[in-house]
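This is protein_35.txt. It holds compact mmCIF, C-alpha atoms.
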```txt
# COMPACT_ATOMS: atom_id res chain seq x y z
CA MET I 509 120.53 157.50 107.15
CA LYS I 510 120.41 161.21 106.38
CA CYS I 511 123.08 163.62 105.20
CA ARG I 512 124.55 165.62 108.08
CA VAL I 513 124.43 168.78 106.00
CA CYS I 514 121.18 168.75 103.99
CA ARG I 515 119.16 165.87 105.59
CA GLY I 516 118.82 164.28 102.13
CA LYS I 517 119.40 160.52 101.66
CA ALA I 518 122.95 159.58 102.67
CA VAL I 519 125.09 157.43 100.38
CA ILE I 520 127.97 156.93 102.80
CA ALA I 521 128.61 156.88 106.55
CA VAL I 522 131.95 158.16 107.85
CA ARG I 523 131.83 156.72 111.34
CA ARG I 524 135.02 158.29 112.68
CA HIS I 525 133.52 161.72 111.98
CA ASN I 526 130.15 160.52 113.27
CA ALA I 527 128.68 161.79 109.99
CA ASN I 528 126.67 160.58 106.99
CA PHE I 529 126.72 162.38 103.67
CA CYS I 530 124.74 162.63 100.44
CA ARG I 531 126.73 162.54 97.18
CA SER I 532 127.44 166.25 96.79
CA HIS I 533 128.21 166.92 100.45
CA PHE I 534 130.52 163.90 100.62
CA LEU I 535 132.50 165.13 97.59
CA GLU I 536 132.72 168.54 99.25
CA HIS I 537 133.80 166.95 102.56
CA VAL I 538 136.66 165.03 100.90
CA ARG I 539 137.84 168.11 98.96
CA ARG I 540 137.88 170.08 102.23
CA GLN I 541 139.92 167.37 103.98
CA VAL I 542 142.51 167.51 101.19
CA GLU I 543 142.57 171.32 101.15
CA ARG I 544 143.12 171.36 104.93
CA THR I 545 145.96 168.82 104.65
CA ILE I 546 147.72 170.86 101.93
CA ASP I 547 147.46 174.01 104.10
CA ASP I 548 148.33 172.41 107.46
CA TYR I 549 151.47 170.76 106.14
CA LYS I 550 152.34 173.63 103.75
CA MET I 551 152.57 171.12 100.92
CA PHE I 552 152.48 173.49 97.95
CA GLY I 553 151.08 176.74 96.63
CA SER I 554 149.30 177.75 93.46
CA ASP I 555 152.58 178.79 91.77
CA ASP I 556 154.30 175.42 92.26
CA ARG I 557 154.74 173.04 89.32
CA LEU I 558 153.13 169.80 90.46
CA VAL I 559 153.45 166.27 89.09
CA LEU I 560 151.28 163.44 90.38
CA GLY I 561 152.21 159.75 90.39
CA VAL I 562 149.27 158.17 88.52
CA SER I 563 148.51 154.44 88.70
CA GLY I 564 144.98 154.29 87.28
CA GLY I 565 143.67 153.28 90.70
CA LYS I 566 141.09 155.08 92.81
CA ASP I 567 143.52 157.10 94.93
CA SER I 568 145.63 158.78 92.26
CA LEU I 569 142.70 159.49 89.93
CA ALA I 570 140.52 160.82 92.78
CA LEU I 571 143.41 163.04 93.91
CA TRP I 572 143.96 164.33 90.37
CA ASP I 573 140.26 165.22 90.20
CA ILE I 574 140.34 166.91 93.62
CA LEU I 575 143.50 168.96 92.97
CA THR I 576 142.37 170.20 89.57
CA GLY I 577 138.97 170.99 91.13
CA LEU I 578 140.76 173.08 93.77
CA GLY I 579 142.40 175.03 90.95
CA TYR I 580 145.90 173.51 90.95
CA ARG I 581 147.66 172.77 87.68
CA VAL I 582 148.88 169.18 87.98
CA ASP I 583 150.56 166.99 85.38
CA GLY I 584 150.63 163.21 85.77
CA VAL I 585 153.28 160.56 85.32
CA TYR I 586 152.35 156.91 84.83
CA LEU I 587 154.92 154.15 85.32
CA HIS I 588 154.24 151.06 83.19
CA LEU I 589 155.33 148.16 85.41
CA GLY I 590 154.97 145.39 82.84
CA ILE I 591 152.41 143.39 84.83
CA GLY I 592 150.45 141.90 81.90
CA GLU I 593 146.83 142.92 81.34
CA TYR I 594 146.67 144.69 84.68
CA SER I 595 149.26 147.25 83.53
CA SER I 596 147.69 147.71 80.07
CA GLU I 597 144.25 148.26 81.55
CA SER I 598 145.39 150.71 84.23
CA LEU I 599 147.34 152.64 81.57
CA THR I 600 144.22 152.88 79.38
CA LEU I 601 142.15 154.15 82.32
CA SER I 602 144.81 156.74 83.22
CA GLN I 603 145.10 157.96 79.62
CA ARG I 604 141.33 158.16 79.23
CA PHE I 605 141.06 160.18 82.46
CA ALA I 606 143.76 162.61 81.28
CA LEU I 607 142.36 162.91 77.77
CA THR I 608 138.77 163.66 78.81
CA ARG I 609 139.96 166.34 81.24
CA ASN I 610 142.64 167.79 78.99
CA LEU I 611 145.44 166.94 81.45
CA ARG I 612 149.04 166.11 80.61
CA LEU I 613 150.14 162.52 81.33
CA GLU I 614 153.68 161.31 80.73
CA VAL I 615 154.12 157.55 80.42
CA VAL I 616 157.38 155.90 81.49
CA ASP I 617 157.70 152.24 80.48
CA LEU I 618 160.00 150.35 82.84
CA THR I 619 160.85 147.80 80.11
CA VAL I 620 161.64 150.42 77.45
CA GLU I 621 163.49 152.79 79.78
CA TYR I 622 165.36 150.33 82.00
CA GLY I 623 165.16 146.95 80.25
CA PHE I 624 163.13 144.97 82.78
CA ALA I 625 159.63 144.60 84.22
CA VAL I 626 158.51 144.13 87.84
CA PRO I 627 157.70 140.37 87.73
CA GLU I 628 161.14 139.48 86.35
CA ALA I 629 162.94 141.85 88.75
CA ALA I 630 161.10 140.38 91.74
CA ALA I 631 162.05 136.83 90.76
CA ALA I 632 165.68 137.70 90.00
CA SER I 633 166.28 139.73 93.16
CA HIS I 634 164.29 137.53 95.57
CA ARG I 635 162.38 140.65 96.61
CA THR I 636 158.60 140.49 96.94
CA PRO I 637 156.88 141.94 93.83
CA CYS I 638 155.56 144.86 95.95
CA SER I 639 159.09 145.65 97.13
CA ALA I 640 160.52 145.64 93.58
CA CYS I 641 157.53 147.71 92.42
CA GLY I 642 157.83 150.24 95.26
CA LEU I 643 161.54 150.72 94.63
CA SER I 644 160.95 151.17 90.88
CA LYS I 645 158.18 153.71 91.51
CA ARG I 646 160.15 155.75 94.06
CA TYR I 647 163.15 155.86 91.72
CA SER I 648 161.45 156.60 88.40
CA LEU I 649 158.85 159.06 89.65
CA ASN I 650 161.50 161.07 91.52
CA LYS I 651 163.75 161.02 88.44
CA VAL I 652 161.00 162.33 86.17
CA ALA I 653 160.00 165.01 88.72
CA ALA I 654 163.58 166.20 89.22
CA GLU I 655 164.63 166.08 85.55
CA ARG I 656 161.53 167.88 84.26
CA GLY I 657 161.93 170.67 86.82
CA TYR I 658 158.77 170.05 88.85
CA ASP I 659 158.68 171.65 92.31
CA VAL I 660 156.68 168.93 94.00
CA LEU I 661 156.00 165.23 93.43
CA VAL I 662 152.47 164.47 94.66
CA MET I 663 151.55 160.93 95.73
CA GLY I 664 148.12 159.38 96.33
CA HIS I 665 148.83 157.51 99.58
CA ASN I 666 145.69 157.52 101.73
CA LEU I 667 145.09 157.20 105.48
CA ASP I 668 145.00 153.39 105.31
CA ASP I 669 148.23 153.18 103.29
CA GLU I 670 150.03 155.32 105.85
CA ALA I 671 148.49 153.63 108.91
CA ALA I 672 149.37 150.15 107.56
CA THR I 673 152.93 151.21 106.75
CA LEU I 674 153.28 152.69 110.23
CA PHE I 675 151.87 149.49 111.74
CA SER I 676 154.37 147.43 109.77
CA ASN I 677 157.29 149.65 110.77
CA VAL I 678 156.28 149.55 114.44
CA LEU I 679 155.91 145.76 114.41
CA GLY I 680 159.44 145.49 113.03
CA TRP I 681 160.76 148.57 114.92
CA ASN I 682 162.22 149.87 111.68
CA VAL I 683 163.36 153.11 113.32
CA GLU I 684 165.02 154.45 110.18
CA TYR I 685 161.74 154.11 108.21
CA LEU I 686 159.76 155.57 111.12
CA GLY I 687 162.00 158.63 110.97
CA ARG I 688 161.21 159.11 107.31
CA GLN I 689 157.44 158.56 107.43
CA HIS I 690 156.05 162.05 107.00
CA PRO I 691 153.43 163.60 104.66
CA VAL I 692 156.06 166.05 103.40
CA LEU I 693 159.61 165.06 102.49
CA PRO I 694 161.68 168.10 101.52
CA SER I 695 163.75 168.37 98.37
CA THR I 696 167.50 167.91 98.65
CA GLU I 697 170.34 169.51 96.72
CA ASP I 698 171.48 166.13 95.46
CA GLY I 699 168.35 165.43 93.44
CA LEU I 700 165.43 164.33 95.62
CA CYS I 701 162.27 166.19 94.64
CA LYS I 702 159.95 167.43 97.40
CA LYS I 703 157.33 164.70 97.96
CA VAL I 704 153.89 165.18 99.51
CA LYS I 705 150.83 163.05 100.37
CA PRO I 706 147.66 165.18 100.43
CA LEU I 707 145.27 162.19 100.89
CA ILE I 708 146.47 161.14 104.34
CA ARG I 709 143.27 162.41 106.02
CA VAL I 710 141.06 160.42 103.64
CA ALA I 711 140.46 156.73 104.35
CA GLU I 712 140.77 154.18 101.55
CA ARG I 713 137.04 153.50 101.67
CA GLU I 714 136.44 157.22 101.17
CA THR I 715 138.80 157.62 98.19
CA ALA I 716 136.99 154.69 96.55
CA ALA I 717 133.62 156.28 97.33
CA TYR I 718 134.87 159.62 95.98
CA ALA I 719 135.95 157.97 92.72
CA ILE I 720 132.61 156.21 92.29
CA LEU I 721 130.54 159.28 93.19
CA ALA I 722 132.62 161.59 90.97
CA GLY I 723 132.10 159.20 88.03
CA ILE I 724 135.76 158.25 87.76
CA ASP I 725 136.43 154.99 85.92
CA TYR I 726 139.31 153.43 87.89
CA GLU I 727 141.12 150.07 88.02
CA VAL I 728 138.95 148.01 90.37
CA GLU I 729 140.83 144.74 90.04
CA GLU I 730 143.65 144.24 92.52
CA CYS I 731 147.16 143.90 91.13
CA PRO I 732 147.65 140.15 90.56
CA MET I 733 151.09 140.32 92.16
CA ALA I 734 149.88 142.13 95.31
CA ALA I 735 147.18 139.62 96.30
CA GLY I 736 147.57 138.69 99.95
CA ASN I 737 150.61 140.88 100.52
CA THR I 738 151.58 141.90 104.04
CA ILE I 739 150.43 145.52 103.89
CA ASN I 740 146.99 144.47 102.59
CA ARG I 741 146.72 142.00 105.48
CA TYR I 742 147.58 144.75 107.96
CA LYS I 743 144.94 146.97 106.37
CA GLU I 744 142.33 144.26 106.89
CA TRP I 745 143.32 143.90 110.56
CA LEU I 746 143.26 147.67 111.10
CA ASN I 747 139.79 147.72 109.55
CA ARG I 748 138.65 145.12 112.08
CA LEU I 749 139.88 147.44 114.85
CA GLU I 750 138.22 150.41 113.11
CA GLU I 751 134.88 148.55 113.14
CA GLN I 752 135.09 148.27 116.92
CA SER I 753 136.65 151.71 117.53
CA PRO I 754 135.89 154.21 114.76
CA GLY I 755 138.76 156.67 114.42
CA ILE I 756 141.48 154.33 115.66
CA LYS I 757 143.38 154.37 112.33
CA ALA I 758 143.42 158.19 112.21
CA ASN I 759 144.43 158.40 115.89
CA PHE I 760 147.24 155.92 115.31
CA LEU I 761 148.63 157.84 112.32
CA PHE I 762 148.11 161.43 113.47
CA GLY I 763 149.19 160.63 117.05
CA PHE I 764 152.42 159.31 115.56
CA LEU I 765 152.90 162.34 113.29
CA GLU I 766 152.31 164.77 116.17
CA ARG I 767 153.98 163.03 119.08
CA GLY I 768 155.89 159.95 117.90
CA SER I 769 157.58 161.06 114.71
CA PRO I 770 159.89 163.70 116.32
CA LEU I 771 161.43 160.92 118.44
CA PHE I 772 162.61 159.08 115.33
CA GLU I 773 163.84 162.01 113.27
CA VAL I 774 166.72 161.07 111.04
CA SER I 775 169.88 163.06 111.61
CA ASP I 776 171.00 165.33 108.79
CA ASP I 777 174.44 163.73 109.16
CA ILE I 778 173.42 160.97 106.72
CA ALA I 779 174.80 162.63 103.62
CA LEU I 780 173.45 161.40 100.31
CA ARG I 781 175.93 160.52 97.59
CA ILE I 782 175.53 160.25 93.86
CA CYS I 783 175.02 156.75 92.42
CA SER I 784 178.15 155.88 90.43
CA ASN I 785 175.96 154.25 87.77
CA CYS I 786 173.00 156.62 87.20
CA GLY I 787 173.78 159.84 89.09
CA GLN I 788 170.67 159.69 91.26
CA PRO I 789 170.94 160.26 95.05
CA THR I 790 171.78 157.24 97.21
CA THR I 791 173.36 156.37 100.54
CA GLY I 792 175.73 153.79 99.02
CA ASP I 793 178.00 153.60 95.99
CA VAL I 794 175.43 152.13 93.57
CA CYS I 795 171.75 152.90 94.27
CA ALA I 796 169.24 150.15 95.11
CA PHE I 797 167.41 150.61 91.81
CA CYS I 798 170.57 150.16 89.71
CA ARG I 799 171.44 147.09 91.77
CA LEU I 800 167.95 145.70 91.06
CA GLN I 801 168.40 146.41 87.35
CA GLN I 802 171.87 144.83 87.28
CA VAL I 803 170.84 141.63 89.08
CA THR I 804 167.75 141.23 86.86
CA ILE I 805 169.67 141.62 83.61
CA SER I 806 172.60 139.44 84.72
CA ARG I 807 170.23 136.62 85.83
CA ARG I 808 168.63 136.78 82.38
CA GLN I 809 172.01 136.56 80.66
CA ASP I 810 172.98 133.59 82.87
CA GLY I 811 169.85 131.89 81.50
CA MET X 209 119.58 138.08 96.51
CA LYS X 210 122.68 137.95 94.39
CA VAL X 211 125.89 139.34 95.95
CA ILE X 212 128.80 140.05 93.63
CA LEU X 213 132.26 139.87 95.17
CA ARG X 214 135.62 140.66 93.57
CA ASN X 215 139.27 139.69 93.78
CA PRO X 216 138.53 137.01 92.69
CA ARG X 217 135.17 137.78 91.09
CA ARG X 218 132.41 135.47 92.35
CA GLU X 219 128.70 135.47 93.13
CA VAL X 220 126.89 134.36 96.27
CA GLU X 221 123.14 133.78 96.70
CA LEU X 222 121.52 134.88 99.99
CA GLU X 223 117.89 134.58 101.04
CA GLY X 224 115.79 136.51 103.54
CA VAL X 225 118.22 139.39 104.10
CA ARG X 226 116.46 142.66 105.04
CA ARG X 227 119.30 145.19 105.43
CA VAL X 228 122.74 145.66 103.92
CA ALA X 229 124.39 145.30 107.37
CA GLU X 230 123.09 141.72 107.54
CA VAL X 231 124.93 140.78 104.32
CA PHE X 232 128.23 141.52 106.06
CA ARG X 233 127.23 139.50 109.12
CA ARG X 234 126.17 136.51 107.02
CA LEU X 235 129.30 136.56 104.87
CA GLU X 236 131.56 137.39 107.87
CA LEU X 237 133.13 140.35 106.06
CA VAL X 238 134.39 143.61 107.55
CA PRO X 239 132.18 146.51 106.32
CA GLU X 240 135.09 148.99 106.59
CA SER X 241 136.83 147.09 103.76
CA TYR X 242 133.93 147.41 101.27
CA LEU X 243 131.51 149.77 99.59
CA VAL X 244 128.06 148.52 98.67
CA ILE X 245 126.54 149.29 95.28
CA LYS X 246 122.84 148.62 94.60
CA SER X 247 121.39 149.42 91.17
CA GLY X 248 124.45 151.52 90.35
CA GLU X 249 124.22 153.63 93.52
CA LEU X 250 126.27 153.61 96.74
CA VAL X 251 124.12 152.62 99.72
CA THR X 252 124.60 152.67 103.50
CA SER X 253 124.36 149.74 105.95
CA ASP X 254 120.71 150.49 106.88
CA GLU X 255 119.52 150.23 103.24
CA PRO X 256 116.56 147.82 102.94
CA VAL X 257 117.16 144.92 100.54
CA SER X 258 115.06 142.07 99.18
CA ASP X 259 115.68 138.67 97.57
CA GLU X 260 115.33 140.23 94.09
CA ASP X 261 118.21 142.69 94.59
CA VAL X 262 121.74 142.45 93.17
CA LEU X 263 124.41 143.93 95.43
CA GLU X 264 128.03 144.52 94.53
CA LEU X 265 130.45 144.46 97.44
CA ARG X 266 133.29 146.56 96.05
CA PRO X 267 136.55 145.93 97.95
CA VAL X 268 138.43 149.11 98.77
CA ILE X 269 141.80 147.70 99.87
CA SER X 270 144.47 147.91 97.21
CA GLY X 271 148.19 147.45 97.37
CA GLY X 272 151.02 149.64 96.24
```
What would you get if you wrote out this structure as structure tokens?
Amino acid sequence: MKCRVCRGKAVIAVRRHNANFCRSHFLEHVRRQVERTIDDYKMFGSDDRLVLGVSGGKDSLALWDILTGLGYRVDGVYLHLGIGEYSSESLTLSQRFALTRNLRLEVVDLTVEYGFAVPEAAAASHRTPCSACGLSKRYSLNKVAAERGYDVLVMGHNLDDEAATLFSNVLGWNVEYLGRQHPVLPSTEDGLCKKVKPLIRVAERETAAYAILAGIDYEVEECPMAAGNTINRYKEWLNRLEEQSPGIKANFLFGFLERGSPLFEVSDDIALRICSNCGQPTTGDVCAFCRLQQVTISRRQDG
Amino acid sequence: MKVILRNPRREVELEGVRRVAEVFRRLELVPESYLVIKSGELVTSDEPVSDEDVLELRPVISGG
């Protein structure tokens, strides 16, 4: 296979674009996709203070590389989830990435800051580990972004993440979640930081290829708690469809964003309140994260 | 040929494979879920391979 641009030897085929690329033209292609997404969705400008949720995986580190390459100043925040060696290794990789590129990375340790880790919280609350982890990430990353005065919280969700989440929400007709699935969530007066997802035009296979080709050392091992989880299963099924019909994942997601999403828009009437325990925004009296923390600590005390 | 798989890490021996695409057919894996690394370089599905090669099939799906 030959590169679409220079006719040199291709290292990757992107079938939905009917294109093959050599190393340098693939890196350029991905950067252009991200640049276009930032512009199309008016995600942020060069004056905005940006903070990126960093996990040590391919998506967040590739995105950090891309955004700094495009000239944005982006700090990172890493949430230590307390998942044994997996967490220690991904922290080391994140710190090494930041150090070698002279980038600022803040580390928040769930155990130090809130007194529990994801495995214990999942067991105590009867949530799946991915659910307890997702809730902890949404809460802590937003809190750091809002408290430190960042304008925008940037997340590394890719095309496959978004397509699989959409697939899951359609299968369960979770209309409230469908109404909130958008690449840009605006800030609110009660403490939610603006949140954006600039990687939604880049497939998971392409973010991994970007990381490898850009020489980024990322966490290759899968989280031991996520093995076989539902979203990963949906991704595998969507990839089977993609093999037969290249472009079907992008059509599914972008068709929804253009034509489906407006039908599920959440009314502004749902006023957010302030959590009576921590002061963060919530729809109830005590926020879901504080409830998770309380049930985990009380189960421990009960022995 | 030696094929290295991950999550969990394991190795599979294949004989008489001529192209990368055939590795996926033999192992019944979905190419969209993997990248293929040969001698430290990413390669496409039409890459010729021989019994002496070592291929890493790097999974791209990750949770979270």
Open item on the list: Which residues are near range 619-632 of chain I? Cut-off 10 Å, all atoms listed in the file, ignore same chain within fewer than 6 positions. Put them as an MDAnalysis selection string.
Closed with: chainID I and resid 588:592 638:644 648 733 798 800:808
Between I:Gln541, I:Thr600, I:Ser563, I:Thr791, smallest distance to chain X by all atoms listed in the file belongs to I:Ser563
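As for CA of Glu712 in chain I and CA of Leu667 in chain I, they are spaced 6.6 Å apart.
In this comparison, which uses all atoms listed in the file, the residue of I:Leu707, I:Leu587, I:Leu613, I:Leu721 approaching chain X most closely is I:Leu721.
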Correct to one decimal, the distance CA of Glu773 in chain I-CA of Leu686 in chain I is 7.9 Å
TODO: For chain X, report every residue with an atom at most 9 Å from chain I (counting only C-alpha atoms), formatted as number ranges by chain.
DONE: X: 214-216, 238-243, 249-255, 266-272
Residues within 7 Å of Pro256 in chain X, all atoms listed in the file, excluding chain neighbours under 4 positions, as an MDAnalysis selection string:
chainID X and resid 226:228
